[in-house]
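Coordinates from my_file.pdb are shown below (PDB, C-alpha atoms).
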```pdb
ATOM      1  CA  MET A 792     -36.804 -12.389 -16.966  1.00  0.00           C
ATOM      2  CA  GLY A 793     -33.902 -13.604 -14.873  1.00  0.00           C
ATOM      3  CA  ALA A 794     -31.684 -11.460 -12.707  1.00  0.00           C
ATOM      4  CA  THR A 795     -29.380  -9.370 -14.952  1.00  0.00           C
ATOM      5  CA  LYS A 796     -28.301  -5.780 -15.150  1.00  0.00           C
ATOM      6  CA  LYS A 797     -30.838  -3.696 -17.044  1.00  0.00           C
ATOM      7  CA  GLY A 798     -30.264  -3.896 -20.779  1.00  0.00           C
ATOM      8  CA  GLU A 799     -27.946  -6.921 -20.677  1.00  0.00           C
ATOM      9  CA  PRO A 800     -29.073 -10.156 -22.332  1.00  0.00           C
ATOM     10  CA  ILE A 801     -29.663 -13.159 -20.095  1.00  0.00           C
ATOM     11  CA  ASP A 802     -26.891 -15.759 -20.192  1.00  0.00           C
ATOM     12  CA  ILE A 803     -29.113 -18.566 -21.469  1.00  0.00           C
ATOM     13  CA  ALA A 804     -26.113 -20.779 -22.305  1.00  0.00           C
ATOM     14  CA  GLY A 805     -24.941 -20.495 -18.697  1.00  0.00           C
ATOM     15  CA  MET A 806     -28.446 -21.270 -17.424  1.00  0.00           C
ATOM     16  CA  ARG A 807     -28.575 -24.340 -19.637  1.00  0.00           C
ATOM     17  CA  LYS A 808     -25.254 -25.631 -18.273  1.00  0.00           C
ATOM     18  CA  ARG A 809     -26.541 -25.314 -14.711  1.00  0.00           C
ATOM     19  CA  ILE A 810     -29.751 -27.205 -15.512  1.00  0.00           C
ATOM     20  CA  GLU A 811     -28.929 -29.745 -18.180  1.00  0.00           C
ATOM     21  CA  GLY A 812     -28.717 -33.467 -17.989  1.00  0.00           C
ATOM     22  CA  THR A 813     -28.163 -34.111 -21.669  1.00  0.00           C
ATOM     23  CA  ASP A 814     -29.411 -37.204 -23.410  1.00  0.00           C
ATOM     24  CA  ASP A 815     -28.310 -36.432 -26.953  1.00  0.00           C
ATOM     25  CA  GLU A 816     -27.906 -39.983 -28.247  1.00  0.00           C
ATOM     26  CA  GLU A 817     -28.123 -39.795 -32.022  1.00  0.00           C
ATOM     27  CA  ILE A 818     -30.790 -42.117 -33.420  1.00  0.00           C
ATOM     28  CA  ALA A 819     -30.867 -42.826 -37.153  1.00  0.00           C
ATOM     29  CA  PRO A 820     -34.262 -41.760 -38.530  1.00  0.00           C
ATOM     30  CA  ALA A 821     -36.501 -44.066 -40.527  1.00  0.00           C
ATOM     31  CA  GLU A 822     -36.702 -43.451 -44.272  1.00  0.00           C
ATOM     32  CA  GLY A 823     -38.596 -40.266 -45.078  1.00  0.00           C
ATOM     33  CA  LEU A 824     -38.026 -38.723 -41.646  1.00  0.00           C
ATOM     34  CA  SER A 825     -35.742 -35.780 -40.960  1.00  0.00           C
ATOM     35  CA  PRO A 826     -32.444 -36.394 -39.117  1.00  0.00           C
ATOM     36  CA  ARG A 827     -32.350 -35.527 -35.414  1.00  0.00           C
ATOM     37  CA  THR A 828     -29.883 -32.687 -36.024  1.00  0.00           C
ATOM     38  CA  VAL A 829     -30.227 -30.218 -38.904  1.00  0.00           C
ATOM     39  CA  THR A 830     -28.675 -26.873 -39.778  1.00  0.00           C
ATOM     40  CA  ILE A 831     -30.860 -23.800 -40.129  1.00  0.00           C
ATOM     41  CA  ARG A 832     -29.795 -20.532 -41.781  1.00  0.00           C
ATOM     42  CA  ILE A 833     -30.894 -17.398 -39.966  1.00  0.00           C
ATOM     43  CA  SER A 834     -30.781 -13.960 -41.590  1.00  0.00           C
ATOM     44  CA  TYR A 835     -31.732 -10.940 -39.524  1.00  0.00           C
ATOM     45  CA  THR A 836     -31.425  -7.182 -39.733  1.00  0.00           C
ATOM     46  CA  ASP A 837     -31.318  -5.743 -36.225  1.00  0.00           C
ATOM     47  CA  PRO A 838     -32.908  -2.410 -35.238  1.00  0.00           C
ATOM     48  CA  THR A 839     -29.576  -0.630 -35.791  1.00  0.00           C
ATOM     49  CA  GLY A 840     -29.593  -1.770 -39.441  1.00  0.00           C
ATOM     50  CA  HIS A 841     -26.792  -4.319 -39.016  1.00  0.00           C
ATOM     51  CA  LYS A 842     -27.382  -7.477 -41.069  1.00  0.00           C
ATOM     52  CA  HIS A 843     -26.583 -10.845 -39.524  1.00  0.00           C
ATOM     53  CA  THR A 844     -26.523 -14.262 -41.174  1.00  0.00           C
ATOM     54  CA  SER A 845     -25.529 -17.475 -39.436  1.00  0.00           C
ATOM     55  CA  GLU A 846     -25.994 -21.183 -39.802  1.00  0.00           C
ATOM     56  CA  VAL A 847     -26.865 -22.916 -36.548  1.00  0.00           C
ATOM     57  CA  LYS A 848     -27.411 -26.602 -35.817  1.00  0.00           C
ATOM     58  CA  THR A 849     -30.574 -27.575 -33.993  1.00  0.00           C
ATOM     59  CA  SER A 850     -31.444 -30.957 -32.513  1.00  0.00           C
ATOM     60  CA  ILE A 851     -34.597 -32.697 -31.411  1.00  0.00           C
ATOM     61  CA  LEU A 852     -34.650 -32.616 -27.610  1.00  0.00           C
ATOM     62  CA  GLY A 853     -34.373 -35.811 -25.609  1.00  0.00           C
ATOM     63  CA  GLY A 854     -36.616 -36.637 -22.673  1.00  0.00           C
ATOM     64  CA  ASP A 855     -34.501 -35.011 -19.954  1.00  0.00           C
ATOM     65  CA  ASP A 856     -34.055 -31.811 -21.908  1.00  0.00           C
ATOM     66  CA  ARG A 857     -37.792 -31.510 -22.574  1.00  0.00           C
ATOM     67  CA  PHE A 858     -38.284 -31.340 -18.796  1.00  0.00           C
ATOM     68  CA  ASN A 859     -35.287 -29.052 -18.424  1.00  0.00           C
ATOM     69  CA  VAL A 860     -36.995 -26.562 -20.735  1.00  0.00           C
ATOM     70  CA  GLY A 861     -39.707 -26.192 -18.078  1.00  0.00           C
ATOM     71  CA  LYS A 862     -37.120 -25.691 -15.339  1.00  0.00           C
ATOM     72  CA  MET A 863     -35.350 -23.027 -17.350  1.00  0.00           C
ATOM     73  CA  ALA A 864     -38.589 -21.239 -18.280  1.00  0.00           C
ATOM     74  CA  ALA A 865     -39.454 -21.091 -14.566  1.00  0.00           C
ATOM     75  CA  ALA A 866     -35.955 -19.796 -13.747  1.00  0.00           C
ATOM     76  CA  LEU A 867     -36.293 -17.089 -16.409  1.00  0.00           C
ATOM     77  CA  LEU A 868     -39.416 -15.884 -14.585  1.00  0.00           C
ATOM     78  CA  ASP A 869     -37.590 -15.830 -11.214  1.00  0.00           C
ATOM     79  CA  GLY A 870     -40.030 -18.243  -9.604  1.00  0.00           C
ATOM     80  CA  VAL A 871     -43.074 -15.998 -10.102  1.00  0.00           C
ATOM     81  CA  ARG A 872     -46.253 -18.085 -10.224  1.00  0.00           C
ATOM     82  CA  TRP A 873     -46.764 -19.189 -13.825  1.00  0.00           C
ATOM     83  CA  GLU A 874     -50.488 -18.361 -13.713  1.00  0.00           C
ATOM     84  CA  SER A 875     -49.776 -14.739 -12.765  1.00  0.00           C
ATOM     85  CA  ILE A 876     -47.536 -14.138 -15.789  1.00  0.00           C
ATOM     86  CA  PRO A 877     -49.202 -12.775 -18.963  1.00  0.00           C
ATOM     87  CA  PRO A 878     -49.506 -15.458 -21.683  1.00  0.00           C
ATOM     88  CA  ALA A 879     -47.152 -13.645 -24.084  1.00  0.00           C
ATOM     89  CA  VAL A 880     -44.397 -13.580 -21.441  1.00  0.00           C
ATOM     90  CA  ARG A 881     -44.924 -17.267 -20.597  1.00  0.00           C
ATOM     91  CA  SER A 882     -44.689 -18.063 -24.290  1.00  0.00           C
ATOM     92  CA  SER A 883     -41.458 -16.072 -24.653  1.00  0.00           C
ATOM     93  CA  ALA A 884     -39.942 -17.810 -21.629  1.00  0.00           C
ATOM     94  CA  HIS A 885     -40.886 -21.228 -23.053  1.00  0.00           C
ATOM     95  CA  MET A 886     -39.533 -20.453 -26.533  1.00  0.00           C
ATOM     96  CA  THR A 887     -36.301 -18.976 -25.136  1.00  0.00           C
ATOM     97  CA  ALA A 888     -35.749 -22.027 -22.937  1.00  0.00           C
ATOM     98  CA  TRP A 889     -36.560 -24.440 -25.783  1.00  0.00           C
ATOM     99  CA  LEU A 890     -34.068 -22.744 -28.092  1.00  0.00           C
ATOM    100  CA  ALA A 891     -31.432 -22.682 -25.357  1.00  0.00           C
ATOM    101  CA  PHE A 892     -31.538 -26.482 -25.365  1.00  0.00           C
ATOM    102  CA  SER A 893     -32.105 -27.149 -29.070  1.00  0.00           C
ATOM    103  CA  LEU A 894     -29.696 -24.673 -30.730  1.00  0.00           C
ATOM    104  CA  HIS A 895     -26.010 -25.649 -30.784  1.00  0.00           C
ATOM    105  CA  GLU A 896     -23.725 -22.733 -29.932  1.00  0.00           C
ATOM    106  CA  PRO A 897     -25.862 -19.876 -31.268  1.00  0.00           C
ATOM    107  CA  PRO A 898     -23.894 -16.738 -32.148  1.00  0.00           C
ATOM    108  CA  GLU A 899     -23.895 -13.895 -29.632  1.00  0.00           C
ATOM    109  CA  TRP A 900     -25.982 -11.633 -31.891  1.00  0.00           C
ATOM    110  CA  LEU A 901     -28.724 -14.266 -32.032  1.00  0.00           C
ATOM    111  CA  THR A 902     -28.791 -14.818 -28.270  1.00  0.00           C
ATOM    112  CA  LYS A 903     -28.997 -11.044 -27.744  1.00  0.00           C
ATOM    113  CA  TRP A 904     -31.683 -10.172 -30.292  1.00  0.00           C
ATOM    114  CA  MET A 905     -33.997 -13.174 -29.832  1.00  0.00           C
ATOM    115  CA  GLN A 906     -34.475 -12.033 -26.218  1.00  0.00           C
ATOM    116  CA  VAL A 907     -35.788  -8.629 -27.251  1.00  0.00           C
ATOM    117  CA  ASP A 908     -37.355  -9.171 -30.690  1.00  0.00           C
ATOM    118  CA  PRO A 909     -40.424 -11.401 -30.380  1.00  0.00           C
ATOM    119  CA  GLY A 910     -40.607 -11.763 -34.170  1.00  0.00           C
ATOM    120  CA  LEU A 911     -37.105 -13.245 -34.343  1.00  0.00           C
ATOM    121  CA  LEU A 912     -37.747 -15.503 -31.344  1.00  0.00           C
ATOM    122  CA  GLY A 913     -41.056 -16.765 -32.750  1.00  0.00           C
ATOM    123  CA  THR A 914     -39.705 -17.323 -36.255  1.00  0.00           C
ATOM    124  CA  ILE A 915     -36.752 -19.399 -35.076  1.00  0.00           C
ATOM    125  CA  TYR A 916     -38.936 -21.349 -32.638  1.00  0.00           C
ATOM    126  CA  GLY A 917     -41.405 -22.015 -35.478  1.00  0.00           C
ATOM    127  CA  GLU A 918     -38.650 -23.451 -37.669  1.00  0.00           C
ATOM    128  CA  VAL A 919     -37.387 -25.625 -34.821  1.00  0.00           C
ATOM    129  CA  GLN A 920     -40.935 -26.925 -34.232  1.00  0.00           C
ATOM    130  CA  ALA A 921     -41.339 -27.586 -37.981  1.00  0.00           C
ATOM    131  CA  HIS A 922     -38.204 -29.736 -37.708  1.00  0.00           C
ATOM    132  CA  GLU A 923     -39.890 -31.618 -34.826  1.00  0.00           C
ATOM    133  CA  VAL A 924     -42.857 -32.397 -37.087  1.00  0.00           C
ATOM    134  CA  ARG A 925     -40.571 -33.578 -39.902  1.00  0.00           C
ATOM    135  CA  TYR A 926     -38.591 -35.740 -37.460  1.00  0.00           C
ATOM    136  CA  PHE A 927     -41.598 -37.432 -35.883  1.00  0.00           C
ATOM    137  CA  ARG A 928     -44.108 -37.363 -38.769  1.00  0.00           C
ATOM    138  CA  GLY A 929     -42.049 -37.185 -41.979  1.00  0.00           C
ATOM    139  CA  ASN A 930     -41.537 -34.656 -44.738  1.00  0.00           C
ATOM    140  CA  VAL A 931     -45.171 -34.222 -45.716  1.00  0.00           C
ATOM    141  CA  LYS A 932     -45.661 -32.196 -48.884  1.00  0.00           C
ATOM    142  CA  GLU A 933     -48.680 -29.971 -49.404  1.00  0.00           C
ATOM    143  CA  GLY A 934     -51.711 -32.059 -50.320  1.00  0.00           C
ATOM    144  CA  GLN A 935     -50.134 -35.286 -49.022  1.00  0.00           C
ATOM    145  CA  GLN A 936     -51.715 -37.349 -46.283  1.00  0.00           C
ATOM    146  CA  VAL A 937     -49.771 -37.598 -43.023  1.00  0.00           C
ATOM    147  CA  GLN A 938     -48.879 -41.232 -42.392  1.00  0.00           C
ATOM    148  CA  GLU A 939     -49.915 -41.696 -38.781  1.00  0.00           C
ATOM    149  CA  ARG A 940     -47.383 -43.636 -36.745  1.00  0.00           C
ATOM    150  CA  ILE A 941     -49.395 -43.571 -33.517  1.00  0.00           C
ATOM    151  CA  SER A 942     -52.494 -45.521 -32.681  1.00  0.00           C
ATOM    152  CA  VAL A 943     -54.188 -45.640 -29.286  1.00  0.00           C
ATOM    153  CA  SER A 944     -57.590 -47.113 -28.503  1.00  0.00           C
ATOM    154  CA  CYS A 945     -59.511 -48.557 -25.587  1.00  0.00           C
ATOM    155  CA  VAL A 946     -59.467 -52.340 -25.904  1.00  0.00           C
ATOM    156  CA  GLU A 947     -62.926 -52.685 -24.337  1.00  0.00           C
ATOM    157  CA  LEU A 948     -64.394 -50.399 -27.012  1.00  0.00           C
ATOM    158  CA  ASP A 949     -62.687 -52.033 -30.020  1.00  0.00           C
ATOM    159  CA  PRO A 950     -65.008 -54.114 -32.216  1.00  0.00           C
TER     160      PRO A 950
END
```
As C-alpha cells - that is how I would like this structure written.
Amino acid sequence: MGATKKGEPIDIAGMRKRIEGTDDEEIAPAEGLSPRTVTIRISYTDPTGHKHTSEVKTSILGGDDRFNVGKMAAALLDGVRWESIPPAVRSSAHMTAWLAFSLHEPPEWLTKWMQVDPGLLGTIYGEVQAHEVRYFRGNVKEGQQVQERISVSCVELDP
C-alpha cells in the first residue's frame, strides 16, 4: 500500500492534504440526530504491550471528501486495478482512506497501528460508521423503529 520504506507507516495525513477539497461546513442536526462532529475514545494495547488511550474527533464527511476517499484508496494501492486486489486489501484501503478524512488529527500511535492491525482499523471504522447512522437516521435504541426520512417511488406506479 503506497510507496514507503519497508516497515514505515504510510503518511495518510500527507496523502489527505494532497487530495482534499474540504467541505466541512457545520450543519446543526435535527432533534434526535447526532451532531456532525463527535469525540470517540480509543483504547488499544499494541503488540509490544504498550497501552494507548486517546480521544479523537470524527466528522461526517461532506460530498467532496466522500469522493476523495476513493481517490486516496486508489493511491494507497498504487494504481493497481481494483478488481485484481483481494477483497480484504480493498476493504483495508477503503477504511484507511475513510478514517484519514474523518478523524481529526489522530495521534501517531493510532496512525501507525491501524495500518497493521486489521482489528483496530475495523473497530474504529465501525464506530465511525455507527456515527454516520446516528447522524442520518437518529439515535435508535434497541427495539425502536427507525423513523425513515427517505421516500422514493415511481409516480406512474403510485395508486
Just want the 9 Å neighbourhood of A:Tyr916, counted on all atoms listed in the file, with same-chain residues fewer than 2 positions away dropped. Output as a list in words.
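Skipping anything fewer than 2 positions along the chain leaves Met886, Thr887, Trp889, Leu890, Leu911, Leu912, Gly913, Thr914, Glu918, Val919, Gln920 and Ala921 of chain A.
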If the box runs along x, y and z of the file and leaves 4 Å on each side of stretch 919-929 of chain A, what are its centre and edge lengths in Å, one decimal, as AutoDock Vina command-line options?
```
--center_x -40.7 --center_y -31.5 --center_z -38.1 --size_x 14.7 --size_y 19.8 --size_z 15.7
```
Could you tell me how far atom CA of A:His885 sits from atom CA of A:Trp873, in Å to one decimal place?
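Atom CA of A:His885 lies at a distance of 11.1 Å from atom CA of A:Trp873.
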With the file shown as input, list the residues that the PyMOL selection byres ((chain A and resi 896-899) around 10) selects, as a ChimeraX atom specification.
/A:800,804,843-849,890-895,900-904
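Across the model, the gap from atom CA of A:Val924 to atom CA of A:Leu852 is 12.5 Å.
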Could you jot down the atom CA of A:Arg872 to atom CA of A:Asp855 separation for me, Å, one decimal place?
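Calculated distance between atom CA of A:Arg872 and atom CA of A:Asp855 is 22.8 Å.
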Which residues are close to A:Ile915, i.e. within 9 Å by only C-alpha atoms, leaving aside same-chain residues fewer than 6 positions away? Reply as number ranges by chain.
A: 831, 833, 890, 905
Can you translate the PyMOL selection byres ((chain A and resi 864) around 12) into the concrete residues it hits in this file, as a PDB file with C-alpha atoms, in the coordinates of the input?
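Full text of selection35.pdb as output:
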```
ATOM      1  CA  MET A 792     -36.804 -12.389 -16.966  1.00  0.00           C
ATOM      2  CA  GLY A 793     -33.902 -13.604 -14.873  1.00  0.00           C
ATOM      3  CA  ILE A 803     -29.113 -18.566 -21.469  1.00  0.00           C
ATOM      4  CA  MET A 806     -28.446 -21.270 -17.424  1.00  0.00           C
ATOM      5  CA  ARG A 807     -28.575 -24.340 -19.637  1.00  0.00           C
ATOM      6  CA  ILE A 810     -29.751 -27.205 -15.512  1.00  0.00           C
ATOM      7  CA  ARG A 857     -37.792 -31.510 -22.574  1.00  0.00           C
ATOM      8  CA  PHE A 858     -38.284 -31.340 -18.796  1.00  0.00           C
ATOM      9  CA  ASN A 859     -35.287 -29.052 -18.424  1.00  0.00           C
ATOM     10  CA  VAL A 860     -36.995 -26.562 -20.735  1.00  0.00           C
ATOM     11  CA  GLY A 861     -39.707 -26.192 -18.078  1.00  0.00           C
ATOM     12  CA  LYS A 862     -37.120 -25.691 -15.339  1.00  0.00           C
ATOM     13  CA  MET A 863     -35.350 -23.027 -17.350  1.00  0.00           C
ATOM     14  CA  ALA A 865     -39.454 -21.091 -14.566  1.00  0.00           C
ATOM     15  CA  ALA A 866     -35.955 -19.796 -13.747  1.00  0.00           C
ATOM     16  CA  LEU A 867     -36.293 -17.089 -16.409  1.00  0.00           C
ATOM     17  CA  LEU A 868     -39.416 -15.884 -14.585  1.00  0.00           C
ATOM     18  CA  ASP A 869     -37.590 -15.830 -11.214  1.00  0.00           C
ATOM     19  CA  GLY A 870     -40.030 -18.243  -9.604  1.00  0.00           C
ATOM     20  CA  VAL A 871     -43.074 -15.998 -10.102  1.00  0.00           C
ATOM     21  CA  ARG A 872     -46.253 -18.085 -10.224  1.00  0.00           C
ATOM     22  CA  TRP A 873     -46.764 -19.189 -13.825  1.00  0.00           C
ATOM     23  CA  ILE A 876     -47.536 -14.138 -15.789  1.00  0.00           C
ATOM     24  CA  VAL A 880     -44.397 -13.580 -21.441  1.00  0.00           C
ATOM     25  CA  ARG A 881     -44.924 -17.267 -20.597  1.00  0.00           C
ATOM     26  CA  SER A 882     -44.689 -18.063 -24.290  1.00  0.00           C
ATOM     27  CA  SER A 883     -41.458 -16.072 -24.653  1.00  0.00           C
ATOM     28  CA  ALA A 884     -39.942 -17.810 -21.629  1.00  0.00           C
ATOM     29  CA  HIS A 885     -40.886 -21.228 -23.053  1.00  0.00           C
ATOM     30  CA  MET A 886     -39.533 -20.453 -26.533  1.00  0.00           C
ATOM     31  CA  THR A 887     -36.301 -18.976 -25.136  1.00  0.00           C
ATOM     32  CA  ALA A 888     -35.749 -22.027 -22.937  1.00  0.00           C
ATOM     33  CA  TRP A 889     -36.560 -24.440 -25.783  1.00  0.00           C
ATOM     34  CA  LEU A 890     -34.068 -22.744 -28.092  1.00  0.00           C
ATOM     35  CA  ALA A 891     -31.432 -22.682 -25.357  1.00  0.00           C
ATOM     36  CA  PHE A 892     -31.538 -26.482 -25.365  1.00  0.00           C
TER      37      PHE A 892
END
```
With all atoms listed in the file as the basis for distance, which of A:Glu947, A:Asp837, A:Glu923, A:Glu874 is at the shortest distance from A:Gly853?
A:Glu923
Generate N, CA and C atoms for stretch 904-925 of chain A and emit them as a PDB file, in the coordinates of the input.
```
ATOM      1  N   TRP A 904     -30.491 -10.725 -29.644  1.00  0.00           N
ATOM      2  CA  TRP A 904     -31.683 -10.172 -30.292  1.00  0.00           C
ATOM      3  C   TRP A 904     -32.930 -11.036 -30.135  1.00  0.00           C
ATOM      4  N   MET A 905     -32.782 -12.358 -29.989  1.00  0.00           N
ATOM      5  CA  MET A 905     -33.997 -13.174 -29.832  1.00  0.00           C
ATOM      6  C   MET A 905     -34.655 -12.928 -28.474  1.00  0.00           C
ATOM      7  N   GLN A 906     -33.905 -12.345 -27.526  1.00  0.00           N
ATOM      8  CA  GLN A 906     -34.475 -12.033 -26.218  1.00  0.00           C
ATOM      9  C   GLN A 906     -35.288 -10.741 -26.223  1.00  0.00           C
ATOM     10  N   VAL A 907     -35.072  -9.914 -27.229  1.00  0.00           N
ATOM     11  CA  VAL A 907     -35.788  -8.629 -27.251  1.00  0.00           C
ATOM     12  C   VAL A 907     -36.696  -8.458 -28.459  1.00  0.00           C
ATOM     13  N   ASP A 908     -36.517  -9.267 -29.493  1.00  0.00           N
ATOM     14  CA  ASP A 908     -37.355  -9.171 -30.690  1.00  0.00           C
ATOM     15  C   ASP A 908     -38.256 -10.395 -30.759  1.00  0.00           C
ATOM     16  N   PRO A 909     -39.530 -10.234 -30.384  1.00  0.00           N
ATOM     17  CA  PRO A 909     -40.424 -11.401 -30.380  1.00  0.00           C
ATOM     18  C   PRO A 909     -40.618 -12.013 -31.763  1.00  0.00           C
ATOM     19  N   GLY A 910     -40.479 -11.210 -32.818  1.00  0.00           N
ATOM     20  CA  GLY A 910     -40.607 -11.763 -34.170  1.00  0.00           C
ATOM     21  C   GLY A 910     -39.482 -12.724 -34.493  1.00  0.00           C
ATOM     22  N   LEU A 911     -38.258 -12.366 -34.125  1.00  0.00           N
ATOM     23  CA  LEU A 911     -37.105 -13.245 -34.343  1.00  0.00           C
ATOM     24  C   LEU A 911     -37.250 -14.515 -33.512  1.00  0.00           C
ATOM     25  N   LEU A 912     -37.575 -14.349 -32.235  1.00  0.00           N
ATOM     26  CA  LEU A 912     -37.747 -15.503 -31.344  1.00  0.00           C
ATOM     27  C   LEU A 912     -38.805 -16.456 -31.897  1.00  0.00           C
ATOM     28  N   GLY A 913     -39.957 -15.928 -32.253  1.00  0.00           N
ATOM     29  CA  GLY A 913     -41.056 -16.765 -32.750  1.00  0.00           C
ATOM     30  C   GLY A 913     -40.750 -17.441 -34.068  1.00  0.00           C
ATOM     31  N   THR A 914     -40.033 -16.743 -34.952  1.00  0.00           N
ATOM     32  CA  THR A 914     -39.705 -17.323 -36.255  1.00  0.00           C
ATOM     33  C   THR A 914     -38.732 -18.491 -36.111  1.00  0.00           C
ATOM     34  N   ILE A 915     -37.715 -18.312 -35.280  1.00  0.00           N
ATOM     35  CA  ILE A 915     -36.752 -19.399 -35.076  1.00  0.00           C
ATOM     36  C   ILE A 915     -37.431 -20.576 -34.375  1.00  0.00           C
ATOM     37  N   TYR A 916     -38.227 -20.293 -33.346  1.00  0.00           N
ATOM     38  CA  TYR A 916     -38.936 -21.349 -32.638  1.00  0.00           C
ATOM     39  C   TYR A 916     -39.852 -22.107 -33.609  1.00  0.00           C
ATOM     40  N   GLY A 917     -40.521 -21.382 -34.493  1.00  0.00           N
ATOM     41  CA  GLY A 917     -41.405 -22.015 -35.478  1.00  0.00           C
ATOM     42  C   GLY A 917     -40.657 -22.969 -36.389  1.00  0.00           C
ATOM     43  N   GLU A 918     -39.459 -22.574 -36.810  1.00  0.00           N
ATOM     44  CA  GLU A 918     -38.650 -23.451 -37.669  1.00  0.00           C
ATOM     45  C   GLU A 918     -38.179 -24.684 -36.904  1.00  0.00           C
ATOM     46  N   VAL A 919     -37.811 -24.495 -35.651  1.00  0.00           N
ATOM     47  CA  VAL A 919     -37.387 -25.625 -34.821  1.00  0.00           C
ATOM     48  C   VAL A 919     -38.563 -26.589 -34.610  1.00  0.00           C
ATOM     49  N   GLN A 920     -39.761 -26.063 -34.400  1.00  0.00           N
ATOM     50  CA  GLN A 920     -40.935 -26.925 -34.232  1.00  0.00           C
ATOM     51  C   GLN A 920     -41.305 -27.619 -35.543  1.00  0.00           C
ATOM     52  N   ALA A 921     -41.094 -26.947 -36.683  1.00  0.00           N
ATOM     53  CA  ALA A 921     -41.339 -27.586 -37.981  1.00  0.00           C
ATOM     54  C   ALA A 921     -40.387 -28.777 -38.161  1.00  0.00           C
ATOM     55  N   HIS A 922     -39.160 -28.627 -37.679  1.00  0.00           N
ATOM     56  CA  HIS A 922     -38.204 -29.736 -37.708  1.00  0.00           C
ATOM     57  C   HIS A 922     -38.715 -30.891 -36.847  1.00  0.00           C
ATOM     58  N   GLU A 923     -39.300 -30.570 -35.687  1.00  0.00           N
ATOM     59  CA  GLU A 923     -39.890 -31.618 -34.826  1.00  0.00           C
ATOM     60  C   GLU A 923     -40.937 -32.420 -35.600  1.00  0.00           C
ATOM     61  N   VAL A 924     -41.804 -31.721 -36.317  1.00  0.00           N
ATOM     62  CA  VAL A 924     -42.857 -32.397 -37.087  1.00  0.00           C
ATOM     63  C   VAL A 924     -42.225 -33.289 -38.145  1.00  0.00           C
ATOM     64  N   ARG A 925     -41.230 -32.768 -38.863  1.00  0.00           N
ATOM     65  CA  ARG A 925     -40.571 -33.578 -39.902  1.00  0.00           C
ATOM     66  C   ARG A 925     -39.867 -34.789 -39.295  1.00  0.00           C
TER      67      ARG A 925
END
```
